[in-house]
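Visitor: mmCIF, C-alpha atoms and all ligand atoms, file protein_0.cif:
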data_run
loop_
_atom_site.label_atom_id
_atom_site.label_comp_id
_atom_site.auth_asym_id
_atom_site.auth_seq_id
_atom_site.Cartn_x
_atom_site.Cartn_y
_atom_site.Cartn_z
CA MET Z 1168 -91.24 -58.28 64.67
CA THR Z 1169 -91.29 -58.73 68.43
CA TYR Z 1170 -88.98 -61.74 68.90
CA ASP Z 1171 -90.78 -62.49 72.18
CA LYS Z 1172 -90.76 -66.26 71.93
CA GLU Z 1173 -87.19 -66.23 70.62
CA LEU Z 1174 -86.08 -64.21 73.65
CA ALA Z 1175 -87.91 -66.52 76.07
CA ALA Z 1176 -86.25 -69.55 74.45
CA ALA Z 1177 -82.81 -67.89 74.49
CA LYS Z 1178 -83.10 -67.02 78.20
CA LYS Z 1179 -84.12 -70.56 79.04
CA ALA Z 1180 -81.32 -72.06 76.94
CA ALA Z 1181 -78.60 -69.81 78.38
CA SER Z 1182 -79.81 -70.30 81.98
CA LEU Z 1183 -79.80 -74.09 81.67
CA ALA Z 1184 -76.36 -74.02 80.06
CA ALA Z 1185 -75.15 -71.78 82.91
CA THR Z 1186 -76.31 -74.34 85.49
CA LEU Z 1187 -74.44 -77.07 83.62
CA CYS Z 1188 -71.26 -74.96 83.45
CA GLN Z 1189 -71.41 -74.01 87.15
CA LYS Z 1190 -71.69 -77.66 88.09
CA VAL Z 1191 -68.54 -78.46 86.10
CA GLN Z 1192 -66.66 -75.39 87.37
CA LYS Z 1193 -67.44 -76.22 91.02
CA ALA Z 1194 -66.31 -79.83 90.55
CA LEU Z 1195 -63.17 -78.60 88.81
CA LEU Z 1196 -62.27 -76.20 91.61
CA GLN Z 1197 -62.92 -78.80 94.32
CA SER Z 1198 -61.05 -81.55 92.56
CA ASP Z 1199 -57.47 -82.36 93.55
CA VAL Z 1200 -57.18 -84.67 90.59
CA HIS Z 1201 -57.39 -82.18 87.76
CA SER Z 1202 -54.52 -79.77 87.41
CA LYS Z 1203 -55.48 -76.34 86.13
CA SER Z 1204 -53.74 -77.09 82.86
CA ASP Z 1205 -55.97 -80.11 82.29
CA LYS Z 1206 -58.28 -79.06 79.47
CA SER Z 1207 -60.86 -81.85 79.88
CA PRO Z 1208 -63.33 -80.21 82.32
CA VAL Z 1209 -63.58 -77.09 80.20
CA THR Z 1210 -64.00 -79.23 77.10
CA VAL Z 1211 -66.85 -81.17 78.68
CA ALA Z 1212 -68.58 -77.96 79.80
CA ASP Z 1213 -68.07 -76.26 76.41
CA TYR Z 1214 -69.64 -79.12 74.46
CA GLY Z 1215 -72.32 -79.69 77.09
CA SER Z 1216 -73.33 -76.04 77.07
CA GLN Z 1217 -73.53 -76.00 73.25
CA ALA Z 1218 -75.61 -79.21 73.22
CA VAL Z 1219 -78.05 -77.83 75.81
CA VAL Z 1220 -78.53 -74.49 74.02
CA SER Z 1221 -78.98 -76.19 70.66
CA PHE Z 1222 -81.48 -78.71 72.11
CA VAL Z 1223 -83.54 -76.08 73.96
CA LEU Z 1224 -83.74 -73.68 70.99
CA GLU Z 1225 -84.87 -76.42 68.66
CA LYS Z 1226 -87.41 -77.77 71.15
CA GLU Z 1227 -88.84 -74.34 72.03
CA LEU Z 1228 -88.98 -73.00 68.47
CA PRO Z 1229 -90.00 -76.06 66.43
CA THR Z 1230 -91.51 -74.16 63.53
CA GLU Z 1231 -88.42 -72.14 62.71
CA LEU Z 1232 -85.70 -73.02 60.27
CA PHE Z 1233 -82.83 -73.58 62.64
CA SER Z 1234 -79.39 -72.15 61.95
CA LEU Z 1235 -76.73 -71.90 64.66
CA VAL Z 1236 -73.23 -70.44 64.39
CA ALA Z 1237 -71.31 -71.77 67.38
CA GLU Z 1238 -67.77 -72.27 68.55
CA GLU Z 1239 -67.53 -76.06 68.99
CA ASP Z 1240 -67.67 -78.94 66.52
CA THR Z 1241 -67.77 -82.69 67.10
CA GLY Z 1242 -64.58 -83.69 65.24
CA ASP Z 1243 -62.74 -84.89 68.38
CA LEU Z 1244 -65.84 -86.46 69.92
CA ARG Z 1245 -66.28 -88.75 66.93
CA THR Z 1246 -62.81 -90.29 67.35
CA GLU Z 1247 -62.11 -93.36 69.47
CA SER Z 1248 -60.27 -91.35 72.11
CA GLY Z 1249 -63.23 -88.95 72.35
CA GLN Z 1250 -65.75 -91.61 73.44
CA GLU Z 1251 -65.22 -91.27 77.18
CA THR Z 1252 -65.63 -87.50 76.96
CA LEU Z 1253 -68.76 -87.96 74.84
CA GLN Z 1254 -70.26 -90.24 77.51
CA ARG Z 1255 -69.50 -87.66 80.21
CA ILE Z 1256 -71.08 -84.87 78.14
CA THR Z 1257 -74.18 -86.95 77.43
CA LYS Z 1258 -74.68 -87.69 81.14
CA LEU Z 1259 -74.19 -84.04 82.05
CA VAL Z 1260 -76.67 -82.87 79.39
CA ASN Z 1261 -79.30 -85.43 80.44
CA ASP Z 1262 -78.86 -84.47 84.11
CA SER Z 1263 -79.34 -80.78 83.27
CA LEU Z 1264 -82.40 -81.30 81.07
CA GLY Z 1265 -83.90 -83.87 83.45
CA ASN Z 1266 -83.77 -81.35 86.29
CA GLU Z 1267 -85.88 -78.95 84.26
CA GLU Z 1268 -89.56 -79.65 84.87
CA VAL Z 1269 -90.65 -79.13 81.26
CA TYR Z 1270 -88.11 -81.60 79.89
CA ALA Z 1271 -88.53 -84.19 82.63
CA ASP Z 1272 -90.68 -86.36 80.33
CA THR Z 1273 -88.32 -86.05 77.37
CA PRO Z 1274 -86.57 -89.39 76.76
CA SER Z 1275 -82.86 -89.33 77.62
CA LEU Z 1276 -80.64 -88.12 74.81
CA SER Z 1277 -78.31 -90.70 73.27
CA THR Z 1278 -74.70 -89.89 72.41
CA GLU Z 1279 -75.88 -89.57 68.78
CA ASP Z 1280 -78.53 -87.00 69.82
CA VAL Z 1281 -75.85 -85.01 71.65
CA LEU Z 1282 -73.50 -85.11 68.64
CA ARG Z 1283 -76.36 -83.95 66.42
CA ALA Z 1284 -77.22 -81.08 68.75
CA ILE Z 1285 -73.59 -79.91 68.87
CA ASP Z 1286 -73.24 -80.23 65.09
CA HIS Z 1287 -76.18 -77.92 64.58
CA GLY Z 1288 -73.67 -75.18 65.35
CA LYS Z 1289 -71.95 -75.57 61.97
CA SER Z 1290 -73.74 -72.74 60.23
CA GLU Z 1291 -71.61 -69.99 58.68
CA GLY Z 1292 -74.08 -67.17 59.42
CA GLY Z 1293 -74.23 -64.29 56.93
CA ALA Z 1294 -76.48 -61.46 55.79
CA VAL Z 1295 -79.52 -63.51 54.76
CA GLY Z 1296 -82.14 -65.00 57.08
CA ARG Z 1297 -81.93 -65.77 60.77
CA HIS Z 1298 -78.95 -67.23 62.59
CA TRP Z 1299 -78.41 -67.95 66.26
CA VAL Z 1300 -74.88 -67.10 67.40
CA LEU Z 1301 -73.43 -68.91 70.42
CA ASP Z 1302 -70.30 -68.93 72.53
CA PRO Z 1303 -71.03 -71.85 74.89
CA ILE Z 1304 -68.28 -70.73 77.29
CA ASP Z 1305 -66.81 -67.34 76.58
CA GLY Z 1306 -63.69 -66.77 78.65
CA THR Z 1307 -62.43 -70.31 79.01
CA LYS Z 1308 -59.33 -69.04 80.85
CA GLY Z 1309 -61.55 -67.39 83.47
CA PHE Z 1310 -63.66 -70.54 83.71
CA VAL Z 1311 -60.62 -72.68 84.54
CA ARG Z 1312 -59.30 -70.09 87.05
CA GLY Z 1313 -62.69 -70.06 88.80
CA ASP Z 1314 -63.32 -66.48 87.69
CA GLN Z 1315 -65.65 -64.79 85.24
CA TYR Z 1316 -67.03 -66.42 82.10
CA ALA Z 1317 -70.25 -66.10 80.12
CA ILE Z 1318 -72.68 -68.07 78.01
CA ALA Z 1319 -73.35 -65.69 75.13
CA LEU Z 1320 -76.29 -66.19 72.77
CA ALA Z 1321 -77.59 -63.78 70.13
CA LEU Z 1322 -79.96 -63.83 67.17
CA LEU Z 1323 -79.06 -62.28 63.82
CA ASP Z 1324 -81.86 -61.33 61.43
CA GLU Z 1325 -80.75 -60.20 57.97
CA GLY Z 1326 -77.25 -59.54 59.31
CA LYS Z 1327 -78.31 -57.45 62.33
CA VAL Z 1328 -78.26 -58.50 65.98
CA VAL Z 1329 -81.90 -58.40 67.11
CA LEU Z 1330 -81.61 -60.02 70.52
CA GLY Z 1331 -78.91 -61.06 72.92
CA VAL Z 1332 -78.62 -62.94 76.19
CA LEU Z 1333 -75.55 -63.03 78.42
CA ALA Z 1334 -75.48 -65.45 81.32
CA CYS Z 1335 -72.65 -64.52 83.71
CA PRO Z 1336 -72.75 -67.15 86.48
CA ASN Z 1337 -70.02 -65.59 88.65
CA LEU Z 1338 -70.77 -61.90 88.20
CA PRO Z 1339 -71.99 -60.27 91.45
CA LEU Z 1340 -75.56 -58.99 91.32
CA ALA Z 1341 -74.34 -55.77 92.94
CA SER Z 1342 -72.08 -53.40 91.04
CA ILE Z 1343 -68.49 -54.59 91.08
CA ASN Z 1344 -67.41 -51.00 91.76
CA GLN Z 1345 -69.43 -50.44 94.88
CA HIS Z 1346 -67.59 -50.96 98.11
CA SER Z 1347 -70.67 -52.58 99.50
CA SER Z 1348 -70.87 -55.13 102.26
CA GLU Z 1349 -69.35 -58.56 101.74
CA SER Z 1350 -72.76 -60.22 101.74
CA SER Z 1351 -74.11 -58.36 98.70
CA HIS Z 1352 -70.98 -59.37 96.81
CA ASP Z 1353 -71.59 -62.96 97.78
CA LYS Z 1354 -74.68 -63.08 95.59
CA VAL Z 1355 -73.58 -63.92 92.08
CA GLY Z 1356 -75.18 -65.01 88.81
CA CYS Z 1357 -76.54 -62.42 86.37
CA LEU Z 1358 -78.64 -62.82 83.25
CA PHE Z 1359 -78.58 -59.81 80.90
CA PHE Z 1360 -80.95 -59.69 77.96
CA ALA Z 1361 -81.82 -57.19 75.25
CA LYS Z 1362 -84.15 -56.97 72.28
CA VAL Z 1363 -83.73 -54.42 69.53
CA GLY Z 1364 -85.54 -51.18 70.38
CA GLU Z 1365 -86.65 -52.38 73.82
CA GLY Z 1366 -83.73 -51.76 76.17
CA THR Z 1367 -81.59 -54.05 78.29
CA TYR Z 1368 -82.63 -55.86 81.44
CA MET Z 1369 -80.83 -57.81 84.13
CA GLN Z 1370 -82.16 -60.47 86.46
CA SER Z 1371 -80.50 -63.02 88.70
CA LEU Z 1372 -79.84 -66.40 87.14
CA ASP Z 1373 -82.00 -67.96 89.82
CA GLY Z 1374 -84.98 -65.99 88.57
CA SER Z 1375 -85.54 -62.57 90.22
CA SER Z 1376 -87.70 -59.97 88.42
CA PRO Z 1377 -85.86 -58.21 85.61
CA VAL Z 1378 -84.71 -54.61 86.13
CA LYS Z 1379 -83.92 -52.22 83.30
CA VAL Z 1380 -80.25 -51.23 83.16
CA HIS Z 1381 -78.42 -48.24 81.67
CA VAL Z 1382 -74.82 -47.51 80.86
CA SER Z 1383 -72.96 -45.00 83.02
CA ALA Z 1384 -73.91 -41.35 82.43
CA ILE Z 1385 -70.38 -40.13 83.24
CA ALA Z 1386 -69.27 -37.36 80.88
CA ASN Z 1387 -65.95 -36.55 82.53
CA PRO Z 1388 -63.32 -39.19 81.72
CA GLU Z 1389 -61.50 -38.37 84.97
CA GLU Z 1390 -64.39 -40.03 86.80
CA ALA Z 1391 -64.57 -43.05 84.49
CA SER Z 1392 -63.11 -46.48 85.05
CA PHE Z 1393 -62.36 -48.91 82.24
CA PHE Z 1394 -62.58 -52.63 81.61
CA GLU Z 1395 -60.11 -54.76 79.73
CA SER Z 1396 -59.20 -58.44 79.37
CA PHE Z 1397 -57.75 -60.20 82.38
CA GLU Z 1398 -55.41 -62.00 79.99
CA ALA Z 1399 -52.62 -59.83 78.58
CA ALA Z 1400 -52.45 -62.27 75.64
CA HIS Z 1401 -55.97 -61.19 74.59
CA SER Z 1402 -55.58 -57.43 74.56
CA LEU Z 1403 -52.74 -54.89 74.57
CA HIS Z 1404 -52.72 -53.57 78.12
CA ASP Z 1405 -50.01 -50.99 77.33
CA LEU Z 1406 -52.16 -49.45 74.57
CA SER Z 1407 -55.20 -49.24 76.90
CA SER Z 1408 -53.05 -47.63 79.53
CA SER Z 1409 -51.81 -44.99 77.06
CA ILE Z 1410 -55.41 -44.24 75.98
CA ALA Z 1411 -56.59 -43.99 79.59
CA LYS Z 1412 -53.74 -41.61 80.40
CA LYS Z 1413 -54.60 -39.35 77.45
CA LEU Z 1414 -58.24 -39.27 78.56
CA GLY Z 1415 -57.29 -38.45 82.13
CA VAL Z 1416 -58.81 -41.63 83.57
CA LYS Z 1417 -57.60 -41.91 87.16
CA ALA Z 1418 -58.88 -45.34 88.21
CA PRO Z 1419 -56.79 -48.45 87.51
CA PRO Z 1420 -58.10 -50.87 84.86
CA VAL Z 1421 -60.77 -53.38 85.90
CA ARG Z 1422 -59.62 -56.68 84.39
CA ILE Z 1423 -62.21 -59.41 83.99
CA ASP Z 1424 -62.67 -62.25 81.54
CA SER Z 1425 -65.28 -62.69 78.85
CA GLN Z 1426 -68.36 -60.75 77.74
CA ALA Z 1427 -69.16 -60.27 81.44
CA LYS Z 1428 -67.38 -56.95 80.68
CA TYR Z 1429 -70.23 -55.95 78.32
CA GLY Z 1430 -72.79 -56.97 80.96
CA ALA Z 1431 -71.08 -55.01 83.73
CA LEU Z 1432 -70.74 -51.98 81.47
CA SER Z 1433 -74.42 -52.13 80.47
CA ARG Z 1434 -75.41 -51.52 84.10
CA GLY Z 1435 -72.87 -48.75 84.60
CA ASP Z 1436 -70.23 -50.58 86.64
CA GLY Z 1437 -67.58 -48.95 84.47
CA ALA Z 1438 -67.85 -46.48 81.60
CA ILE Z 1439 -65.32 -47.77 79.05
CA TYR Z 1440 -64.23 -51.15 77.63
CA LEU Z 1441 -61.06 -51.31 75.55
CA ARG Z 1442 -60.08 -54.36 73.51
CA PHE Z 1443 -56.98 -54.45 71.31
CA PRO Z 1444 -56.02 -58.01 70.35
CA HIS Z 1445 -52.48 -58.77 69.25
CA LYS Z 1446 -51.74 -58.51 65.54
CA GLY Z 1447 -53.21 -61.29 63.43
CA TYR Z 1448 -56.05 -62.25 65.79
CA ARG Z 1449 -59.46 -62.35 64.05
CA GLU Z 1450 -62.46 -61.62 66.24
CA LYS Z 1451 -65.39 -64.06 65.96
CA ILE Z 1452 -69.03 -62.94 65.92
CA TRP Z 1453 -69.95 -65.14 68.93
CA ASP Z 1454 -67.47 -63.20 71.08
CA HIS Z 1455 -69.33 -59.89 70.60
CA ALA Z 1456 -72.87 -60.28 69.19
CA ALA Z 1457 -74.72 -60.71 72.52
CA GLY Z 1458 -72.48 -58.24 74.37
CA CYS Z 1459 -72.92 -55.64 71.64
CA ILE Z 1460 -76.74 -55.54 71.78
CA VAL Z 1461 -76.74 -55.69 75.59
CA VAL Z 1462 -74.61 -52.51 75.65
CA THR Z 1463 -76.25 -50.64 72.76
CA GLU Z 1464 -79.78 -51.24 74.09
CA ALA Z 1465 -78.58 -49.92 77.46
CA GLY Z 1466 -77.61 -46.67 75.72
CA GLY Z 1467 -73.96 -47.39 74.93
CA GLU Z 1468 -71.94 -47.47 71.71
CA VAL Z 1469 -69.74 -50.27 70.39
CA THR Z 1470 -67.36 -49.54 67.51
CA ASP Z 1471 -64.04 -50.57 66.07
CA ALA Z 1472 -61.00 -48.37 66.71
CA ALA Z 1473 -61.89 -46.21 63.70
CA GLY Z 1474 -65.43 -45.55 64.99
CA ASN Z 1475 -67.26 -47.94 62.63
CA PRO Z 1476 -70.13 -50.03 64.01
CA LEU Z 1477 -69.45 -53.80 64.14
CA ASP Z 1478 -70.74 -55.73 61.13
CA PHE Z 1479 -72.11 -59.16 62.03
CA SER Z 1480 -73.29 -59.97 58.50
CA LYS Z 1481 -70.02 -61.24 57.04
CA GLY Z 1482 -70.02 -64.81 58.37
CA LYS Z 1483 -68.09 -66.12 61.37
CA TYR Z 1484 -65.55 -63.30 61.57
CA LEU Z 1485 -65.74 -59.59 62.25
CA ASP Z 1486 -63.47 -57.68 59.90
CA LEU Z 1487 -62.25 -54.93 62.13
CA ASP Z 1488 -60.05 -51.91 62.12
CA THR Z 1489 -57.61 -52.67 64.97
CA GLY Z 1490 -59.77 -53.17 68.04
CA ILE Z 1491 -63.12 -52.73 69.77
CA ILE Z 1492 -64.06 -49.80 71.98
CA VAL Z 1493 -67.20 -49.39 74.05
CA THR Z 1494 -68.54 -46.46 76.04
CA ASN Z 1495 -71.50 -44.11 76.47
CA LYS Z 1496 -72.51 -41.55 73.84
CA LYS Z 1497 -71.02 -38.60 75.74
CA LEU Z 1498 -67.56 -40.10 76.13
CA MET Z 1499 -67.27 -41.68 72.66
CA PRO Z 1500 -65.93 -38.60 70.78
CA SER Z 1501 -63.08 -38.01 73.25
CA LEU Z 1502 -62.41 -41.75 73.52
CA LEU Z 1503 -62.09 -42.04 69.73
CA LYS Z 1504 -59.68 -39.10 69.69
CA ALA Z 1505 -57.51 -40.65 72.42
CA VAL Z 1506 -57.58 -44.04 70.65
CA ARG Z 1507 -56.45 -42.48 67.35
CA ALA Z 1508 -53.65 -40.52 69.01
CA SER Z 1509 -52.38 -43.52 70.99
CA ILE Z 1510 -52.42 -45.81 67.93
CA GLU Z 1511 -50.54 -43.20 65.88
CA GLU Z 1512 -47.92 -42.86 68.63
CA LYS Z 1513 -47.55 -46.63 68.82
CA VAL Z 1514 -47.10 -46.93 65.04
CA SER Z 1515 -44.54 -44.11 64.86
CA SER Z 1516 -42.53 -45.62 67.73
CA LEU Z 1517 -42.08 -48.92 65.86
N1 LIG O 1601 -55.19 -64.55 71.39
C1 LIG O 1601 -56.38 -64.05 71.65
N2 LIG O 1601 -56.62 -62.73 71.53
C2 LIG O 1601 -57.82 -62.22 71.81
N3 LIG O 1601 -58.88 -62.96 72.22
C3 LIG O 1601 -58.70 -64.28 72.35
C4 LIG O 1601 -57.46 -64.90 72.09
N4 LIG O 1601 -57.58 -66.21 72.32
C5 LIG O 1601 -58.85 -66.44 72.70
N5 LIG O 1601 -59.54 -65.28 72.72
C6 LIG O 1601 -60.94 -65.12 73.02
O1 LIG O 1601 -61.18 -63.88 73.67
C7 LIG O 1601 -62.40 -63.95 74.38
C8 LIG O 1601 -62.37 -63.62 75.81
O2 LIG O 1601 -61.33 -62.81 76.04
P1 LIG O 1601 -61.36 -61.94 77.30
O3 LIG O 1601 -61.75 -62.81 78.44
O4 LIG O 1601 -59.96 -61.52 77.33
O5 LIG O 1601 -62.34 -60.85 77.02
C9 LIG O 1601 -62.80 -65.31 74.34
O6 LIG O 1601 -63.76 -65.42 73.34
C10 LIG O 1601 -61.57 -66.06 74.01
O7 LIG O 1601 -61.92 -67.29 73.53
P2 LIG O 1601 -62.82 -68.32 74.44
O8 LIG O 1601 -64.25 -67.96 74.24
O9 LIG O 1601 -62.48 -69.64 73.86
O10 LIG O 1601 -62.37 -68.13 75.87
MG MG O 1602 -65.27 -66.62 73.32
#
Translate the structure of the given file into structure tokens.
Guide:
Amino acid sequence: MTYDKELAAAKKAASLAATLCQKVQKALLQSDVHSKSDKSPVTVADYGSQAVVSFVLEKELPTELFSLVAEEDTGDLRTESGQETLQRITKLVNDSLGNEEVYADTPSLSTEDVLRAIDHGKSEGGAVGRHWVLDPIDGTKGFVRGDQYAIALALLDEGKVVLGVLACPNLPLASINQHSSESSHDKVGCLFFAKVGEGTYMQSLDGSSPVKVHVSAIANPEEASFFESFEAAHSLHDLSSSIAKKLGVKAPPVRIDSQAKYGALSRGDGAIYLRFPHKGYREKIWDHAAGCIVVTEAGGEVTDAAGNPLDFSKGKYLDLDTGIIVTNKKLMPSLLKAVRASIEEKVSSL
């Protein structure tokens, strides 16, 4: 199975959704009217992104049975108070699709069409058949701050991730570790994509030629730097810091939002990603499926804190032991040891 046409459709869908999201984020940042705590712009972009991805996948792959596991549902949009938002989303979606040459002749979508496209995302996933997995805006906190976020789309086939696309509209094309000139950092917008057995590639969201990427080859943890969530509410920063200390990591943590961390790691910007959500949080498959294949096809490893690979075949949730750790094959054994020791220390100090 080559998944060529599926990958082409996924890249197109994620790129169009990224354009829609950037438009909303720019308007949000320029607006004096919306306070940063106002949730409506992010809501409009979330739904709009999901509608665009759903529409493009269905249009590009008409012969396939279509199953989509996605974050948003239309409950609120079907209420009376949701009508104004629904109108805004519908306009945004039509503007985005209308700008794309191939859809220019497609009749405008009605609000009903948009609701239908969003509702396609109701699938529960699982171990049988094919399921698309979508986070229309991963890292909503980063989106609202004007920082990093991602559109994350993956395909599961019989419970395994077989392709993944990560659109990271604000991620610099140059490594975020290089102290390069200001101008190279000005260029942002990366599209990472991977197919099982065929490696990971990155291109610019505005369409440069893809280049193959690889995870960092660092074998000495003292030279490694590590990624973690920007938001302390999403991951235990004190636990990461204890693990980094045990490993001998010298660099301070690089804190960025969303699966942009997986993308940056896949091209070697940093060598380790540590994620330890607070107790009780259940990880969803759309928050890791695309990132996971982007890193593993670039030569990295993604496991839970006990060293088990992530299992995407159980429905919407990942049942995990404690957290998620990501690094290259050389560093994984010492990272696992440091993770175990730090978790044991934490438990015995309670
Ligand atoms: N309490 C939480 N703990 C961990 N992750 C969370 C929590 N709340 C939301 N998330 C999700 O974590 C992911 C991104 O986290 P981070 O940027 O820290 O890597 C997002 O998918 C975000 O949801 P969302 O996709 O709605 O933003
Ligand atoms: Mg998310």
Visitor: Work out how far atom CA of Trp1453 of chain Z is from atom CA of Gln1370 of chain Z, in Å to one decimal.
Guide: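 It comes out at 21.9 Å.
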Visitor: I want to know what sits within 9 Å of segment 1273-1288 of chain Z, based on all atoms listed in the file, with residues of the same chain fewer than 4 positions away left out; could you give that as a PyMOL selection string?
Guide: chain Z and resi 1214-1215+1217-1222+1225+1233-1241+1244-1245+1253-1254+1256-1258+1260-1261+1264-1265+1269+1299-1301
Visitor: Find the residues near segment 1168-1173 of chain Z: any atom within 8 Å, counting only C-alpha atoms, skip ones fewer than 6 places away on the same chain, and give them as a list in words.
Guide: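 Result of the neighbour search: Leu1228, Leu1330 and Lys1362 of chain Z.
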Visitor: One decimal, in Å: what's the spacing between atom P2 of ligand LIG 1601 (chain O) and atom CA of Asp1302 of chain Z?
Guide: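 Here the two named atoms are 7.7 Å from each other.
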Visitor: Which residue gives the smallest distance to ligand LIG 1601 (chain O) among Z:Leu1183, Z:Leu1195, Z:Leu1372, Z:Ala1427, with only C-alpha atoms and all ligand atoms counted?
Guide: Z:Ala1427
Visitor: Could you pull out the residues sitting within 9 Å of ligand LIG 1601 (chain O), using all atoms listed in the file, and write them as a PyMOL selection string?
Guide: chain Z and resi 1238+1302-1310+1315-1317+1395-1402+1422-1428+1442-1451+1453-1455
Visitor: Please determine, counting only C-alpha atoms, which residue among Z:Thr1186, Z:Asn1387, Z:Ser1516, Z:Ser1480 has the shortest atom-to-atom distance to Gly1415 of chain Z.
Guide: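 Of the candidates, the smallest distance to Gly1415 of chain Z is held by Z:Asn1387.
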Visitor: Please determine the residues with any atom at most 12 Å from (-87.1, -49.1, 70.5) (coordinates as given in the file, with all atoms listed in the file counting) and report them as a PyMOL selection string.
Guide: chain Z and resi 1168-1169+1329+1361-1367+1463-1466
Visitor: Quick check, in Å to one decimal: how far apart do atom CA of Ala1176 of chain Z and atom CA of Glu1227 of chain Z lie?
Guide: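 These two atoms are separated by 6.0 Å.
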Visitor: For a cutoff of 6 Å around the file-coordinate point (-72.6, -80.2, 83.1), which residues qualify once you count all atoms listed in the file? I'd like the result as a ChimeraX atom specification.
Guide: /Z:1187-1188,1190-1191,1212,1259
Visitor: Just checking: using all atoms listed in the file, which residue out of Z:Leu1517, Z:Val1416, Z:Leu1322, Z:Leu1340 ends up closest to Leu1174 of chain Z?
Guide: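 Ranked by minimum distance to Leu1174 of chain Z, first place goes to Z:Leu1322.
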Visitor: Taking into account only C-alpha atoms, which residue in the set Z:Gln1250, Z:Ser1375, Z:Asn1344, Z:Ser1216 is nearest to Gly1356 of chain Z?
Guide: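 So, comparing all the options, the nearest one is Z:Ser1375.
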Visitor: Here is a test: counting all atoms listed in the file, which residue of Z:Tyr1429, Z:Gly1437, Z:Thr1246, Z:Leu1224 is nearest to Glu1390 of chain Z?
Guide: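 When distances to Glu1390 of chain Z are compared using all atoms listed in the file, the smallest one comes from Z:Gly1437.
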Visitor: Adding 4 Å on each side of the box along x, y and z that holds all listed atoms of segment 1489-1493 of chain Z, could you give its centre and edge lengths in Å to one decimal, as lines of an AutoDock Vina configuration file?
Guide:
center_x = -62.4
center_y = -51.3
center_z = 69.5
size_x = 17.6
size_y = 11.8
size_z = 17.1
Visitor: With distances taken over only C-alpha atoms and all ligand atoms, which residue among Z:Val1380, Z:Leu1320, Z:Ala1505, Z:Leu1477 lies nearest ligand MG 1602 (chain O)?
Guide: Z:Leu1320
